[in-house]
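> Have a peek at protein26.cif (mmCIF, C-alpha atoms and all ligand atoms).
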```
data_input
#
loop_
_atom_site.label_atom_id
_atom_site.label_comp_id
_atom_site.auth_asym_id
_atom_site.auth_seq_id
_atom_site.Cartn_x
_atom_site.Cartn_y
_atom_site.Cartn_z
CA MET I 604 -17.62 3.32 8.01
CA LYS I 605 -18.26 3.55 11.74
CA GLU I 606 -14.70 4.42 12.70
CA GLY I 607 -13.70 7.44 14.71
CA ARG I 608 -13.69 10.87 13.15
CA CYS I 609 -10.74 13.16 13.67
CA VAL I 610 -9.52 16.61 12.92
CA GLY I 611 -7.10 16.56 10.03
CA LYS I 612 -4.22 18.65 8.87
CA SER I 613 -6.06 20.97 6.57
CA GLY I 614 -7.04 24.61 6.61
CA GLU I 615 -7.06 26.10 10.09
CA GLU I 616 -6.24 22.79 11.74
CA LYS I 617 -2.94 22.47 9.88
CA GLY I 618 -0.29 21.03 12.12
CA TYR I 619 -2.75 19.45 14.54
CA THR I 620 -1.58 16.06 15.71
CA VAL I 621 -4.31 13.59 16.56
CA ASP I 622 -2.24 11.45 18.89
CA GLN I 623 0.96 9.50 18.87
CA HIS I 624 -0.19 6.38 17.07
CA THR I 625 -3.00 7.28 14.73
CA LEU I 626 -3.26 8.94 11.36
CA CYS I 627 -6.02 11.27 10.26
CA ILE I 628 -7.01 11.52 6.60
CA GLY I 629 -10.09 13.29 5.31
CA GLY I 630 -11.53 13.39 8.81
CA VAL I 631 -11.21 9.63 9.28
CA LYS I 632 -9.00 8.25 12.01
CA PHE I 633 -6.78 5.30 11.08
CA PRO I 634 -5.59 3.20 14.04
CA LEU I 635 -1.86 3.34 13.23
CA TRP I 636 0.31 5.66 11.14
CA ALA I 637 2.01 2.72 9.44
CA GLY I 638 0.18 0.90 6.65
CA ALA I 639 0.62 -1.49 3.74
CA ALA I 640 1.56 -0.18 0.29
CA PRO I 641 -0.34 -1.16 -2.85
CA LEU I 642 1.40 -4.06 -4.61
CA ALA I 643 0.03 -5.11 -7.99
CA GLY I 644 -0.63 -8.83 -8.04
CA PHE I 645 -0.58 -9.06 -4.24
CA SER I 646 -2.87 -6.48 -2.59
CA HIS I 647 -6.15 -8.22 -3.27
CA ARG I 648 -8.92 -8.58 -0.71
CA ALA I 649 -7.37 -11.50 1.18
CA TYR I 650 -4.04 -9.68 1.47
CA ARG I 651 -5.71 -6.52 2.72
CA ASP I 652 -7.61 -8.48 5.39
CA TRP I 653 -4.36 -10.23 6.27
CA MET I 654 -2.41 -6.98 6.69
CA ARG I 655 -5.14 -5.54 8.89
CA ARG I 656 -5.10 -8.68 10.99
CA TRP I 657 -1.41 -7.95 11.67
CA GLY I 658 -2.17 -4.40 12.70
CA ALA I 659 -1.64 -2.37 9.53
CA GLY I 660 -3.25 1.01 10.12
CA PHE I 661 -4.34 1.23 6.50
CA VAL I 662 -4.14 -0.88 3.37
CA ILE I 663 -4.60 0.24 -0.22
CA SER I 664 -5.71 -2.06 -3.03
CA GLU I 665 -3.47 -2.89 -5.95
CA MET I 666 -3.86 -0.48 -8.86
CA ILE I 667 -7.12 -0.80 -10.76
CA SER I 668 -7.67 0.44 -14.31
CA LEU I 669 -9.88 3.51 -14.68
CA GLU I 670 -10.35 2.53 -18.30
CA GLY I 671 -11.57 -0.94 -17.35
CA LEU I 672 -14.05 0.52 -14.85
CA SER I 673 -15.17 3.10 -17.38
CA ARG I 674 -15.87 0.33 -19.92
CA ASP I 675 -17.77 -1.58 -17.24
CA GLN I 676 -15.47 -4.59 -17.47
CA LYS I 677 -16.75 -7.15 -14.98
CA LYS I 678 -13.27 -8.40 -14.05
CA THR I 679 -12.10 -4.89 -13.22
CA TRP I 680 -15.18 -4.06 -11.14
CA ALA I 681 -14.65 -7.34 -9.24
CA LEU I 682 -11.41 -5.84 -7.87
CA LEU I 683 -13.46 -3.31 -5.91
CA ASP I 684 -14.50 -6.00 -3.43
CA VAL I 685 -14.27 -3.88 -0.32
CA GLU I 686 -17.53 -4.78 1.48
CA GLU I 687 -17.11 -4.72 5.25
CA GLU I 688 -13.56 -3.36 5.00
CA PRO I 689 -13.14 -0.79 7.78
CA PHE I 690 -11.29 1.76 5.63
CA PRO I 691 -12.15 1.01 2.00
CA TRP I 692 -9.28 2.55 0.05
CA VAL I 693 -8.57 1.62 -3.57
CA GLN I 694 -5.98 2.82 -6.01
CA LEU I 695 -6.84 3.71 -9.60
CA PHE I 696 -4.59 4.39 -12.55
CA GLY I 697 -5.51 6.17 -15.74
CA ARG I 698 -4.60 9.12 -17.90
CA GLU I 699 -5.90 12.61 -17.34
CA ASP I 700 -9.51 13.39 -18.19
CA TYR I 701 -11.60 15.22 -15.60
CA SER I 702 -14.97 14.01 -16.84
CA LYS I 703 -14.00 10.34 -17.06
CA TRP I 704 -12.50 10.34 -13.55
CA TYR I 705 -15.55 12.17 -12.21
CA ALA I 706 -18.02 9.75 -13.85
CA VAL I 707 -16.16 6.60 -12.74
CA VAL I 708 -15.73 7.80 -9.16
CA ARG I 709 -19.45 8.68 -8.99
CA LYS I 710 -20.25 5.13 -10.09
CA ILE I 711 -17.83 3.64 -7.57
CA LEU I 712 -19.38 5.63 -4.73
CA THR I 713 -22.86 4.54 -5.77
CA ARG I 714 -22.12 0.87 -6.32
CA THR I 715 -19.58 0.11 -3.58
CA SER I 716 -18.57 1.18 -0.09
CA VAL I 717 -15.25 2.64 -1.29
CA ARG I 718 -14.63 6.07 0.24
CA PHE I 719 -10.92 6.65 -0.37
CA ILE I 720 -9.52 6.87 -3.87
CA ASP I 721 -5.76 6.89 -4.32
CA VAL I 722 -4.31 7.88 -7.67
CA ASN I 723 -1.27 6.09 -9.01
CA PHE I 724 1.20 8.74 -10.17
CA GLY I 725 4.21 6.49 -9.72
CA CYS I 726 3.97 3.34 -11.81
CA PRO I 727 7.05 3.16 -14.07
CA VAL I 728 5.96 0.11 -16.07
CA LYS I 729 5.99 0.64 -19.85
CA LYS I 730 2.50 -0.77 -20.41
CA VAL I 731 1.07 1.88 -18.06
CA VAL I 732 3.33 4.83 -18.92
CA ARG I 733 2.69 4.34 -22.65
CA THR I 734 -0.99 5.15 -22.08
CA GLY I 735 -0.09 8.42 -20.33
CA ALA I 736 -0.90 7.03 -16.85
CA GLY I 737 1.20 6.30 -13.73
CA SER I 738 4.50 8.15 -13.54
CA ALA I 739 3.94 9.66 -17.01
CA LEU I 740 1.60 12.14 -15.33
CA LEU I 741 4.35 13.53 -13.09
CA ARG I 742 5.35 15.89 -15.91
CA PHE I 743 1.86 17.39 -15.98
CA PRO I 744 0.98 19.00 -12.62
CA GLN I 745 -2.17 20.57 -14.04
CA ALA I 746 -3.45 17.19 -15.21
CA MET I 747 -2.63 15.68 -11.81
CA ALA I 748 -4.58 18.48 -10.13
CA ASP I 749 -7.55 17.96 -12.47
CA ILE I 750 -7.74 14.29 -11.52
CA ILE I 751 -7.71 15.13 -7.80
CA ARG I 752 -10.38 17.76 -8.35
CA ALA I 753 -12.55 15.30 -10.25
CA ILE I 754 -12.34 12.78 -7.39
CA LYS I 755 -13.11 15.43 -4.77
CA ASP I 756 -15.97 16.88 -6.80
CA ALA I 757 -17.39 13.37 -7.17
CA GLY I 758 -17.49 13.12 -3.35
CA ALA I 759 -14.58 10.81 -2.44
CA ILE I 760 -11.56 11.36 -0.25
CA ALA I 761 -8.70 11.85 -2.72
CA THR I 762 -5.12 10.76 -2.11
CA ALA I 763 -2.11 10.62 -4.39
CA LYS I 764 0.88 8.29 -4.56
CA VAL I 765 3.85 9.83 -6.31
CA ARG I 766 7.53 9.34 -7.00
CA LEU I 767 10.04 12.22 -6.90
CA GLY I 768 10.03 12.61 -10.68
CA ILE I 769 10.88 10.66 -13.81
CA ASP I 770 14.67 11.03 -13.77
CA THR I 771 15.06 14.48 -12.15
CA PRO I 772 13.06 16.17 -9.37
CA LEU I 773 9.60 17.28 -10.48
CA TRP I 774 8.01 17.45 -7.04
CA GLN I 775 8.59 21.21 -6.67
CA GLU I 776 5.91 21.64 -9.36
CA PHE I 777 3.44 18.86 -8.74
CA ILE I 778 3.25 18.89 -4.91
CA PRO I 779 1.89 22.49 -4.78
CA ALA I 780 -0.51 21.65 -7.64
CA LEU I 781 -1.89 18.65 -5.72
CA ALA I 782 -2.16 20.74 -2.54
CA THR I 783 -4.07 23.50 -4.33
CA ALA I 784 -6.43 20.91 -5.82
CA GLY I 785 -7.32 19.86 -2.26
CA VAL I 786 -5.67 16.45 -2.09
CA ASP I 787 -6.36 14.79 1.29
CA ALA I 788 -2.98 13.03 1.59
CA ILE I 789 0.13 12.42 -0.47
CA THR I 790 2.35 9.35 -0.31
CA VAL I 791 5.85 9.84 -1.64
CA HIS I 792 7.93 6.87 -2.72
CA GLY I 793 11.41 8.37 -2.54
CA ARG I 794 12.67 7.15 -5.91
CA TYR I 795 12.54 8.30 -9.52
CA ALA I 796 10.50 6.36 -12.05
CA VAL I 797 13.61 5.36 -14.02
CA GLN I 798 14.97 3.65 -10.90
CA PHE I 799 12.05 1.26 -10.60
CA TYR I 800 13.13 -0.31 -7.27
CA SER I 801 16.91 0.03 -7.54
CA GLY I 802 19.15 2.19 -5.36
CA VAL I 803 17.91 3.49 -2.04
CA ALA I 804 14.86 5.63 -1.34
CA ASP I 805 15.79 9.29 -0.86
CA TRP I 806 14.27 10.31 2.47
CA GLU I 807 16.12 13.64 2.37
CA ALA I 808 13.91 14.53 -0.59
CA ILE I 809 10.84 13.41 1.38
CA LYS I 810 11.98 15.72 4.19
CA ALA I 811 12.29 18.57 1.69
CA ILE I 812 8.74 17.88 0.52
CA ARG I 813 7.60 18.06 4.14
CA GLU I 814 8.97 21.61 4.23
CA ILE I 815 6.77 22.80 1.36
CA TYR I 816 3.65 20.70 2.01
CA GLY I 817 1.65 21.07 5.21
CA GLY I 818 -1.03 18.44 4.47
CA VAL I 819 -0.96 14.76 5.38
CA LEU I 820 2.29 13.27 4.10
CA ILE I 821 3.15 9.57 4.06
CA GLY I 822 6.71 8.49 3.35
CA ASN I 823 7.56 5.27 1.54
CA GLY I 824 10.62 3.31 0.59
CA ASP I 825 12.88 0.66 2.12
CA ILE I 826 11.35 0.45 5.61
CA THR I 827 12.25 -2.91 7.11
CA THR I 828 12.18 -2.48 10.91
CA PRO I 829 10.09 -0.68 13.56
CA GLU I 830 13.18 1.36 14.46
CA LYS I 831 13.52 2.57 10.90
CA ALA I 832 9.82 3.39 10.64
CA LEU I 833 9.91 5.56 13.75
CA GLU I 834 13.26 7.11 12.90
CA ARG I 835 12.03 8.09 9.41
CA LYS I 836 8.89 9.60 10.89
CA MET I 837 10.76 11.58 13.52
CA THR I 838 13.57 12.86 11.31
CA THR I 839 11.52 13.81 8.27
CA GLY I 840 8.29 14.92 9.92
CA VAL I 841 6.04 12.71 7.78
CA ASP I 842 2.67 11.85 9.32
CA GLY I 843 2.88 8.19 8.43
CA VAL I 844 4.81 5.53 6.57
CA MET I 845 3.82 2.96 4.01
CA ILE I 846 5.55 -0.42 3.81
CA GLY I 847 5.52 -2.52 0.66
CA ARG I 848 7.96 -5.31 -0.03
CA HIS I 849 9.00 -5.99 3.54
CA ALA I 850 5.40 -6.44 4.70
CA LEU I 851 4.91 -9.19 2.12
CA GLY I 852 7.30 -11.47 3.96
CA ALA I 853 6.90 -9.97 7.42
CA PRO I 854 3.32 -8.80 7.89
CA TYR I 855 3.99 -8.75 11.64
CA ILE I 856 6.02 -5.55 11.14
CA PHE I 857 2.83 -3.62 11.91
CA ARG I 858 2.29 -5.41 15.20
CA GLN I 859 5.96 -4.87 15.98
CA ILE I 860 5.60 -1.15 15.32
CA GLN I 861 2.62 -1.02 17.71
CA GLN I 862 4.64 -2.88 20.36
CA TYR I 863 7.65 -0.68 19.80
CA LEU I 864 5.61 2.49 20.24
CA LEU I 865 4.06 1.20 23.43
CA THR I 866 7.00 -0.50 25.10
CA GLY I 867 10.22 0.34 23.23
CA SER I 868 10.72 -3.29 22.21
CA TYR I 869 8.95 -5.90 20.12
CA GLU I 870 8.63 -9.64 19.62
CA VAL I 871 10.31 -11.52 16.80
CA PRO I 872 8.34 -14.59 15.68
CA SER I 873 9.91 -18.01 16.06
CA PRO I 874 10.22 -20.39 13.07
CA GLU I 875 7.21 -22.30 14.44
CA GLU I 876 5.16 -19.11 14.57
CA ILE I 877 6.21 -18.29 11.03
CA LYS I 878 4.99 -21.69 9.87
CA GLU I 879 1.65 -21.01 11.57
CA MET I 880 1.57 -17.62 9.87
CA ILE I 881 2.09 -19.17 6.43
CA LEU I 882 -0.70 -21.68 7.04
CA ASP I 883 -2.97 -18.92 8.33
CA TYR I 884 -2.51 -16.82 5.21
CA ALA I 885 -3.14 -19.81 2.97
CA SER I 886 -6.40 -20.64 4.74
CA LEU I 887 -7.52 -17.02 4.81
CA TYR I 888 -6.85 -16.71 1.07
CA LEU I 889 -8.76 -19.90 0.25
CA ALA I 890 -11.68 -18.84 2.43
CA VAL I 891 -11.89 -15.33 0.96
CA THR I 892 -11.58 -16.49 -2.65
CA GLN I 893 -13.60 -19.70 -2.22
CA THR I 894 -10.99 -21.53 -4.28
CA THR I 895 -8.62 -24.45 -3.65
CA SER I 896 -5.42 -23.41 -5.45
CA LEU I 897 -2.53 -21.67 -3.74
CA VAL I 898 -0.74 -20.95 -7.01
CA PRO I 899 -1.82 -17.24 -7.07
CA ILE I 900 -0.20 -16.62 -3.66
CA ARG I 901 2.92 -18.75 -4.04
CA ALA I 902 5.13 -15.64 -4.19
CA THR I 903 3.69 -14.30 -0.92
CA LEU I 904 4.07 -17.68 0.81
CA LEU I 905 7.67 -17.85 -0.40
CA ALA I 906 8.39 -14.34 0.87
CA MET I 907 7.35 -15.44 4.36
CA VAL I 908 9.91 -18.25 4.52
CA HIS I 909 12.73 -16.91 6.63
CA GLY I 910 14.37 -17.74 9.90
CA PHE I 911 14.33 -21.51 9.27
CA SER I 912 17.59 -23.40 9.21
CA HIS I 913 16.35 -25.23 6.10
CA ALA I 914 14.68 -22.22 4.42
CA LYS I 915 16.24 -22.98 1.04
CA TYR I 916 14.84 -26.49 1.06
CA ILE I 917 11.36 -25.27 2.06
CA ARG I 918 11.45 -22.53 -0.58
CA GLN I 919 12.21 -25.04 -3.31
CA ALA I 920 9.25 -27.15 -2.29
CA LEU I 921 6.95 -24.14 -1.88
CA SER I 922 7.73 -22.89 -5.36
CA LEU I 923 5.66 -25.82 -6.62
CA VAL I 924 2.90 -25.85 -3.98
CA SER I 925 -0.71 -25.95 -5.18
CA THR I 926 -2.93 -27.22 -2.39
CA TYR I 927 -3.31 -26.61 1.32
CA GLU I 928 -2.55 -30.27 2.05
CA GLU I 929 0.75 -30.00 0.18
CA LEU I 930 1.57 -26.86 2.13
CA VAL I 931 0.97 -28.59 5.47
CA ARG I 932 3.16 -31.49 4.39
CA ILE I 933 6.01 -29.24 3.19
CA LEU I 934 6.02 -27.12 6.36
CA GLY I 935 5.97 -30.27 8.49
CA GLN I 936 9.13 -31.61 6.89
CA LYS I 937 12.32 -31.73 8.86
CA GLU I 938 15.69 -30.61 7.52
CA PRO I 939 16.88 -33.13 4.92
CA SER I 940 19.83 -34.04 7.17
CA GLN I 941 17.44 -34.89 10.03
CA GLU I 942 15.37 -37.28 7.92
CA GLN I 943 16.10 -41.00 8.22
C1 LIG I 1001 5.54 -6.15 -7.04
C2 LIG I 1001 5.23 -4.70 -6.79
C3 LIG I 1001 4.00 -4.18 -7.17
C4 LIG I 1001 3.71 -2.84 -6.96
N1 LIG I 1001 2.48 -2.36 -7.31
C5 LIG I 1001 2.16 -1.08 -7.04
C6 LIG I 1001 0.85 -0.57 -7.33
O1 LIG I 1001 -0.04 -1.29 -7.81
N2 LIG I 1001 0.62 0.73 -7.05
C7 LIG I 1001 1.58 1.56 -6.50
O2 LIG I 1001 1.32 2.74 -6.26
N3 LIG I 1001 2.80 1.10 -6.20
C8 LIG I 1001 3.10 -0.19 -6.44
N4 LIG I 1001 4.34 -0.65 -6.10
C9 LIG I 1001 5.28 0.21 -5.36
C10 LIG I 1001 5.09 0.04 -3.85
O3 LIG I 1001 3.79 0.44 -3.45
C11 LIG I 1001 6.12 0.87 -3.04
O4 LIG I 1001 5.98 2.21 -3.40
C12 LIG I 1001 7.55 0.41 -3.32
O5 LIG I 1001 7.66 -0.98 -3.30
C13 LIG I 1001 8.53 1.02 -2.31
O6 LIG I 1001 8.19 0.66 -1.01
P1 LIG I 1001 8.97 -0.55 -0.22
O7 LIG I 1001 10.43 -0.24 -0.27
O8 LIG I 1001 8.41 -0.52 1.16
O9 LIG I 1001 8.64 -1.81 -0.97
C14 LIG I 1001 4.66 -1.98 -6.35
C15 LIG I 1001 5.90 -2.52 -5.96
C16 LIG I 1001 6.20 -3.85 -6.18
C17 LIG I 1001 7.54 -4.37 -5.74
#
```
Using structure tokens, write down the structure that the file contains.


Amino acid sequence: MKEGRCVGKSGEEKGYTVDQHTLCIGGVKFPLWAGAAPLAGFSHRAYRDWMRRWGAGFVISEMISLEGLSRDQKKTWALLDVEEEPFPWVQLFGREDYSKWYAVVRKILTRTSVRFIDVNFGCPVKKVVRTGAGSALLRFPQAMADIIRAIKDAGAIATAKVRLGIDTPLWQEFIPALATAGVDAITVHGRYAVQFYSGVADWEAIKAIREIYGGVLIGNGDITTPEKALERKMTTGVDGVMIGRHALGAPYIFRQIQQYLLTGSYEVPSPEEIKEMILDYASLYLAVTQTTSLVPIRATLLAMVHGFSHAKYIRQALSLVSTYEELVRILGQKEPSQEQ
């Protein structure tokens, strides 16, 4: 990584602000304090490149199984395809076990250019929780701390992504434990595991976490506009924000945030520009994966369809799209009422 170094918010430098737009984690300077959240099934290499192209300051991979890496499963290792990424940051999930985390992270650092390891302490899905991973770990601050220590001891920059608790607040216990273990940054999704994605993210709780944690804090949940991103940052004191679902359909949110910070306003893409954007993502995906099928990214393409008068019609057609040629044809179609 050739990117700029910076002075972070740790030890004596606590409270030091790098500048208005950037974010400093583990001594590495990210170009913008807003970045793209990990989304299982979406945040593969092409998506990460795509988000960066739209100005995301950072992008984290979808969650990758520690167990799969530990067993040397080829398919799992293939997910660590971060070569040439400017800020190689991947997320792992797994249960507690210092020595396994240490050994896997050592291997990752030797075999790949990954430097940032994020730990998933938030996944509420049964398949993951049943194994003792994801949000199941929130009840065990010592185990969470051991994992962070293992990653740090292995030589990586260690970050954590948490929820507020399972069904009641647990952060009062686990945030200090993560801080003591030397975590380099914490992202808080302001919901409980039992909520999955329902209700609204509790940014008051994120603000309360800010009051007890002086390290790098990233807030997450329900950000849909540049105004909201800046307002959340200013009112809660977080160092950065992470955007998940909204960025899927509106990757330009990051460029809008940059524009908003610089000028106080931002551009909204026209339907024609959105069509171009959909085609661009499809070609980037096909080029990165060296494949010809758009089926794996149908959901992302669909999420980008908005602002057209005949969006419903286009969505129906896109839900069956397979090839780039079909995509071009569908996007070129006029509203049914305009067709002869
Ligand atoms: C389809 C989907 C997949 C997700 N996958 C992950 C994941 O792999 N790791 C993770 O930490 N969070 C994951 N999340 C949670 C998001 O990163 C984020 O915390 C959540 O969506 C709230 O942010 P948002 O309101 O900006 O979407 C996922 C969310 C969704 C909707």

> Per residue of chain I within 9 Å of ligand LIG 1001 (chain I), note the shortest atom pair and the distance in Å to one decimal, counting only C-alpha atoms and all ligand atoms, and order the rows by chain and increasing residue number, as a Markdown table.


```
| residue | atom | partner | partner_atom | distance |
| --- | --- | --- | --- | --- |
| I:Ala639 | CA | I:LIG1001 | O3 | 8.1 |
| I:Ala640 | CA | I:LIG1001 | O3 | 4.4 |
| I:Pro641 | CA | I:LIG1001 | O3 | 4.5 |
| I:Leu642 | CA | I:LIG1001 | N1 | 3.4 |
| I:Ala643 | CA | I:LIG1001 | N1 | 3.7 |
| I:Gly644 | CA | I:LIG1001 | C3 | 6.6 |
| I:Phe645 | CA | I:LIG1001 | C3 | 7.3 |
| I:Ser646 | CA | I:LIG1001 | O1 | 7.9 |
| I:Ile663 | CA | I:LIG1001 | N2 | 8.6 |
| I:Ser664 | CA | I:LIG1001 | O1 | 7.5 |
| I:Glu665 | CA | I:LIG1001 | O1 | 4.2 |
| I:Met666 | CA | I:LIG1001 | O1 | 4.0 |
| I:Ile667 | CA | I:LIG1001 | O1 | 7.7 |
| I:Gln694 | CA | I:LIG1001 | N2 | 7.0 |
| I:Leu695 | CA | I:LIG1001 | N2 | 8.4 |
| I:Phe696 | CA | I:LIG1001 | N2 | 8.4 |
| I:Asp721 | CA | I:LIG1001 | O2 | 8.4 |
| I:Val722 | CA | I:LIG1001 | O2 | 7.8 |
| I:Asn723 | CA | I:LIG1001 | O2 | 5.0 |
| I:Phe724 | CA | I:LIG1001 | O2 | 7.2 |
| I:Gly725 | CA | I:LIG1001 | O2 | 5.9 |
| I:Cys726 | CA | I:LIG1001 | C7 | 6.1 |
| I:Gly737 | CA | I:LIG1001 | O2 | 8.3 |
| I:Ala763 | CA | I:LIG1001 | O2 | 8.8 |
| I:Lys764 | CA | I:LIG1001 | O2 | 5.8 |
| I:Val765 | CA | I:LIG1001 | O2 | 7.5 |
| I:Arg766 | CA | I:LIG1001 | O4 | 8.1 |
| I:Thr790 | CA | I:LIG1001 | O4 | 8.6 |
| I:Val791 | CA | I:LIG1001 | O4 | 7.8 |
| I:His792 | CA | I:LIG1001 | O4 | 5.1 |
| I:Gly793 | CA | I:LIG1001 | C13 | 7.9 |
| I:Arg794 | CA | I:LIG1001 | C13 | 8.2 |
| I:Phe799 | CA | I:LIG1001 | C15 | 8.6 |
| I:Tyr800 | CA | I:LIG1001 | O5 | 6.8 |
| I:Val803 | CA | I:LIG1001 | O7 | 8.5 |
| I:Ala804 | CA | I:LIG1001 | O7 | 7.4 |
| I:Asn823 | CA | I:LIG1001 | O6 | 5.3 |
| I:Gly824 | CA | I:LIG1001 | O7 | 3.7 |
| I:Asp825 | CA | I:LIG1001 | O7 | 3.5 |
| I:Ile826 | CA | I:LIG1001 | O8 | 5.4 |
| I:Thr827 | CA | I:LIG1001 | O8 | 7.5 |
| I:Val844 | CA | I:LIG1001 | O8 | 8.9 |
| I:Met845 | CA | I:LIG1001 | O8 | 6.4 |
| I:Ile846 | CA | I:LIG1001 | O8 | 3.9 |
| I:Gly847 | CA | I:LIG1001 | O8 | 3.5 |
| I:Arg848 | CA | I:LIG1001 | O9 | 3.7 |
| I:His849 | CA | I:LIG1001 | O8 | 6.0 |
| I:Ala850 | CA | I:LIG1001 | O8 | 7.5 |
| I:Leu851 | CA | I:LIG1001 | O9 | 8.8 |
```

> May I ask for the distance between CA of Ile900 in chain I and CA of Val662 in chain I, given in Å to one decimal place?

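Computing it gives 17.7 Å between the two atoms.
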
> For a test of reading the model, state the distance in Å between CA of Glu875 in chain I and CA of Leu934 in chain I, rounded to one decimal.

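Rounded to one decimal, the two atoms are 9.5 Å apart.
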
> Between I:Gly818, I:Gly671, I:Pro744, I:Gly768, which is the closest to Gln798 in chain I once you count all atoms listed in the file?

I:Gly768

> I'd like the contact shell of His909 in chain I - 12 Å cut-off, only C-alpha atoms, skipping same-chain residues fewer than 5 positions apart - returned as a CSV table (one decimal) with C-alpha atoms, in the frame of the given file.


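Result file part.csv:
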```csv
chain,number,residue,atom,x,y,z
I,849,HIS,CA,9.0,-6.0,3.5
I,851,LEU,CA,4.9,-9.2,2.1
I,852,GLY,CA,7.3,-11.5,4.0
I,853,ALA,CA,6.9,-10.0,7.4
I,871,VAL,CA,10.3,-11.5,16.8
I,872,PRO,CA,8.3,-14.6,15.7
I,873,SER,CA,9.9,-18.0,16.1
I,874,PRO,CA,10.2,-20.4,13.1
I,875,GLU,CA,7.2,-22.3,14.4
I,876,GLU,CA,5.2,-19.1,14.6
I,877,ILE,CA,6.2,-18.3,11.0
I,878,LYS,CA,5.0,-21.7,9.9
I,880,MET,CA,1.6,-17.6,9.9
I,881,ILE,CA,2.1,-19.2,6.4
I,904,LEU,CA,4.1,-17.7,0.8
I,914,ALA,CA,14.7,-22.2,4.4
I,915,LYS,CA,16.2,-23.0,1.0
I,916,TYR,CA,14.8,-26.5,1.1
I,917,ILE,CA,11.4,-25.3,2.1
I,918,ARG,CA,11.4,-22.5,-0.6
```

> What does the structure give for the distance between CA of Ala649 in chain I and CA of Gly630 in chain I, in Å to one decimal?

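So the two atoms, CA of Ala649 in chain I and CA of Gly630 in chain I, lie 26.4 Å apart.
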
> Which residues are close to Arg742 in chain I, i.e. within 9 Å by all atoms listed in the file, leaving aside same-chain residues fewer than 3 positions away? Reply as a list in words.

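Contacts, with the query itself left out: Ser738, Ala739, Ala746, Met747, Gly768, Ile769, Leu773, Glu776 and Phe777 of chain I.
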
> Determine, using all atoms listed in the file, which residues of range 803-832 of chain I have any atom at most 12 Å from an atom of range 863-868 of chain I, and tabulate each with its shortest atom pair and distance in Å to one decimal place, rows ordered by chain and then rising number, as a Markdown table.


```
| residue | atom | partner | partner_atom | distance |
| --- | --- | --- | --- | --- |
| I:Thr828 | CA | I:Tyr863 | CA | 10.1 |
| I:Pro829 | CA | I:Tyr863 | CA | 6.7 |
| I:Glu830 | CA | I:Tyr863 | CA | 8.0 |
| I:Lys831 | CA | I:Tyr863 | CA | 11.1 |
| I:Ala832 | CA | I:Tyr863 | CA | 10.3 |
```

> Find the residues near Trp680 in chain I: any atom within 9 Å, counting all atoms listed in the file, skip ones fewer than 4 places away on the same chain, and give them as a PyMOL selection string.

chain I and resi 667+671-672+675-676+684+711

> Choose the residue, out of I:Val819, I:Ala920, I:Val707, I:Val685, that has the smallest atom-to-atom separation from Tyr650 in chain I; count all atoms listed in the file.

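Looking only at the distances to Tyr650 in chain I, the closest residue turns out to be I:Val685.
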
> Please identify all polymer residues within 10 Å of Gln861 in chain I, counting all atoms listed in the file, omitting same-chain residues fewer than 4 positions from it, and present them as a count of residues only.

17

> Within 9 Å of (-6.4, 18.9, -0.8) in the file's own coordinates, which protein, DNA or RNA residues have an atom, counting all atoms listed in the file? List them as a list in words.

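Looking at atoms near the point gives Ser613, Ile751, Arg752, Lys755, Ala761, Thr762, Leu781, Ala782, Thr783, Ala784, Gly785, Val786, Asp787, Ala788 and Gly818 of chain I.
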
> Give me, as a PDB file with C-alpha atoms, keeping the file's coordinate frame, all polymer residues having an atom no more than 12 Å from Tyr705 in chain I, counting only C-alpha atoms and skipping those fewer than 4 positions away in the same chain.


```
ATOM      1  CA  LEU I 669      -9.880   3.510 -14.680  1.00  0.00           C
ATOM      2  CA  SER I 673     -15.170   3.100 -17.380  1.00  0.00           C
ATOM      3  CA  GLU I 699      -5.900  12.610 -17.340  1.00  0.00           C
ATOM      4  CA  ASP I 700      -9.510  13.390 -18.190  1.00  0.00           C
ATOM      5  CA  TYR I 701     -11.600  15.220 -15.600  1.00  0.00           C
ATOM      6  CA  ARG I 709     -19.450   8.680  -8.990  1.00  0.00           C
ATOM      7  CA  LYS I 710     -20.250   5.130 -10.090  1.00  0.00           C
ATOM      8  CA  ILE I 711     -17.830   3.640  -7.570  1.00  0.00           C
ATOM      9  CA  LEU I 712     -19.380   5.630  -4.730  1.00  0.00           C
ATOM     10  CA  ILE I 720      -9.520   6.870  -3.870  1.00  0.00           C
ATOM     11  CA  ASP I 749      -7.550  17.960 -12.470  1.00  0.00           C
ATOM     12  CA  ILE I 750      -7.740  14.290 -11.520  1.00  0.00           C
ATOM     13  CA  ILE I 751      -7.710  15.130  -7.800  1.00  0.00           C
ATOM     14  CA  ARG I 752     -10.380  17.760  -8.350  1.00  0.00           C
ATOM     15  CA  ALA I 753     -12.550  15.300 -10.250  1.00  0.00           C
ATOM     16  CA  ILE I 754     -12.340  12.780  -7.390  1.00  0.00           C
ATOM     17  CA  LYS I 755     -13.110  15.430  -4.770  1.00  0.00           C
ATOM     18  CA  ASP I 756     -15.970  16.880  -6.800  1.00  0.00           C
ATOM     19  CA  ALA I 757     -17.390  13.370  -7.170  1.00  0.00           C
ATOM     20  CA  GLY I 758     -17.490  13.120  -3.350  1.00  0.00           C
ATOM     21  CA  ALA I 759     -14.580  10.810  -2.440  1.00  0.00           C
ATOM     22  CA  ALA I 761      -8.700  11.850  -2.720  1.00  0.00           C
TER      23      ALA I 761
END
```

> Calculated over only C-alpha atoms, which of the candidates I:Val797, I:Ile809, I:Ala748, I:Leu882 has the smallest distance to Leu905 in chain I?

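For Leu905 in chain I, the nearest of the given residues is I:Leu882.
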